[in-house]
Amino acid sequence: MKPSTDPRILSLAAEVAKSPEQNVPVILLKLKEIINNTPLGSSELKKIKQDIYCYDLIRYCLLVLSQDCSRIQGGWTTISQLTQILSHCCVGLEPGEDAEEFYNELLPSAAENFLILGRQLQTCFINAAKGEEKDELLHFFHIVTDSLFWLVGGHVQLIQNVLQSDHFLHLLQTDNVQIGSTVMNMVQNILQINSGDLLRIEAKTLHSILDEVIFKLLSTPSPVLRSTATKLLLLMAESHQEILILLRLSACYKGLRSLLNKQKPGTEFRHEFRQLISLLSPKVYQEVEEQKLHQAACLIQAYWKGFQTRKRLKKLPSAVITLQRNFRSKRAKILLKLKRQKEEEDNRLQLQLEKQRAMRLSREVRLNMLEIVHPGQVEKHNREIEEKSALIIQKHWRGYRERKNFHQQKPSLVEYKAAVTLQRASSQMSDVASRELHSQAQERLQHYFMGRALEDRAQQHRDALKAQISTNIEQLMKAPSLKEAEGKEPELFLSRSRPVAAKAKQAHLTTLKHIQAPWWKKLGEEAGDEIDVPKDELSIELGTLFIGGTKPP
């Protein structure tokens, strides 16, 4: 809910609107009582100032101050009090939506009106004949300058407007001691608030202010005015090195230090006077120059660091992208490495399982072989397996040893090849020798390939025989017994080898003869004894019976 307007302001605004023009200044003086009765710095005072601005009472005060003082009821008394009211209402005011109009139009207009009133009071003060009238006008002048200082202290952006005003320069250029000291005191107080605006004014205006202050310091017999001018000039020189350098090097102020040395300062401002002279001395100037160079270096470094920082900030997105890309790439490599390690571990476990499965299968095959093999052939079978295992172990060991020797001899081989290359490059062979060497190499190569072809055919024959034997053994192992054989299953026992068929036939006849023999002939025999079969019977049987691997006639 929006707070209501103060009834006193409403009543005062209504009275101003209804009253004739000549009574408005006196009515506006009631604002002073309202402001003084409100606690300073309170929210209530801030609300009252906003109400005064909203009902255009501040603008009424400004219009009254722009009128001729002779037409205003109460004269300078009313005007001086209105300046106090206007300055107090403008300081601490929050204009709200009309901020641009308030800061750009109303405040500069108020400061300019205060300076105009000061000039009018200055003229009246100089033209006044009576001492009491002079004192009264000087009192009003102090009120106006204090109101201006209060306004500028609350709105420091007005300092530049005040210092560049022609009315301010006219006030400063007065020959009157009271007016001049009051104006310079006001300038000193303003510069103590914010001295930076002194360098923002035009160079011509700055030179005019310096000229007037130095003139008052050197030419005025009044110690009060000289003291004020000394303090003001010292403050300006200490606050800004540019002004100190201007006083030291400018042709306009050449010989200022020698003139100051000839002056006899009063006891009131002797200390400030000596400080001013020491500032203008060459030693201090050198220190000031060094300090200025130091500040310039600091400023250059600041600009350079700022440029580098802005440059890095511009590159920050690409740097962040690069950092993210590198991080993701590194993370992908780590994940790939972990994946490979996991795959290797899985492969190792799988290989171990396959080895265990192969070992179990090998043991099962061996057990099956032991079941099939005749008890008398078990030892022989085990010996063969051990020999094969030993051969495999020896083969792997020799391969490992030869690879190791090769790696150890590799540097020597490289050196030998390098030496051969150097020798080949250094020694030149004749065409006849080269052709003879080439023919010898071709003959050796041809002999090698011929021998290699014979060895390959022999090896293929051996591999074929081994494969045939392995196939026969596998068929015999998988074949059922003769008692259970049916159909074409007995064909599994056929062999293409005549010695094998003969040996099998002999064993079969021996077993049949032993079974058909009477029991009394078996007395004294032991199990495993071989029975001799006559060769003629064997040949007759072989001639009349089917031999495995041959076609019947």
# chains A, B, ... in the order shown; residues from 1 in each chain; ligands from 1
>>> residues_around(residues="region 368-375 of chain A", least_positions_apart="5", cutoff="10 Å", atoms="only C-alpha atoms", output="VMD selection string")
chain A and resid 362 to 363 380 to 382 476 to 478
>>> write_last_selection(atoms="N, CA and C atoms", output="short mmCIF file (atom, residue, chain, number, x, y, z; two decimals), in the first residue's frame")
data_model
loop_
_atom_site.label_atom_id
_atom_site.label_comp_id
_atom_site.auth_asym_id
_atom_site.auth_seq_id
_atom_site.Cartn_x
_atom_site.Cartn_y
_atom_site.Cartn_z
N SER A 362 42.15 -84.62 -22.43
CA SER A 362 43.32 -85.45 -22.70
C SER A 362 43.39 -86.62 -21.72
N ARG A 363 43.06 -86.34 -20.47
CA ARG A 363 43.07 -87.44 -19.49
C ARG A 363 41.98 -88.46 -19.80
N LYS A 380 54.25 -99.70 -22.99
CA LYS A 380 54.78 -99.17 -24.25
C LYS A 380 54.04 -97.89 -24.66
N HIS A 381 52.73 -97.91 -24.47
CA HIS A 381 51.94 -96.72 -24.81
C HIS A 381 52.34 -95.51 -23.96
N ASN A 382 52.53 -95.73 -22.68
CA ASN A 382 52.96 -94.63 -21.79
C ASN A 382 54.33 -94.11 -22.18
N LEU A 476 39.38 -97.87 -35.13
CA LEU A 476 39.46 -99.04 -34.25
C LEU A 476 38.99 -98.72 -32.83
N MET A 477 39.36 -97.47 -32.37
CA MET A 477 38.96 -97.09 -31.00
C MET A 477 37.46 -96.91 -30.90
N LYS A 478 36.85 -96.37 -31.96
CA LYS A 478 35.42 -96.10 -31.93
C LYS A 478 34.58 -97.31 -32.35
#
>>> atom_distance(atom1="CA of Leu232 (chain A)", atom2="CA of Gly154 (chain A)")
21.6 Å
>>> residues_around(residues="region 117-134 of chain A", least_positions_apart="3", cutoff="8 Å", atoms="only C-alpha atoms", output="PyMOL selection string")
chain A and resi 65+113-114+137-138+140-141+144-145+167+170-171+176+179
>>> closest_residue(among="A:Ala358, A:Ala99, A:Ala504, A:Leu57", to="Glu15 (chain A)", atoms="only C-alpha atoms")
A:Leu57
>>> select_by_dssp(residues="region 13-228 of chain A", states="helix (DSSP H, G or I)", output="VMD selection string")
chain A and resid 13 to 18 21 to 28 30 to 36 43 to 54 57 to 65 69 to 71 75 to 90 96 to 127 131 to 154 158 to 163 166 to 172 177 to 193 196 to 199 203 to 219 223 to 228
>>> atom_distance(atom1="CA of Leu233 (chain A)", atom2="CA of Ile245 (chain A)")
13.1 Å
>>> atom_distance(atom1="CA of Ile277 (chain A)", atom2="CA of Leu260 (chain A)")
6.9 Å
>>> residues_around(residues="Phe215 (chain A)", least_positions_apart="6", cutoff="12 Å", atoms="only C-alpha atoms", output="count of residues only")
18
>>> residues_around(residues="Asn161 (chain A)", least_positions_apart="3", cutoff="9 Å", atoms="only C-alpha atoms", output="number ranges by chain")
A: 108, 111-112, 157-158, 164-165, 201
>>> closest_residue(among="A:Ala110, A:Arg360, A:Val378, A:Gln81", to="Ile143 (chain A)", atoms="only C-alpha atoms")
A:Gln81
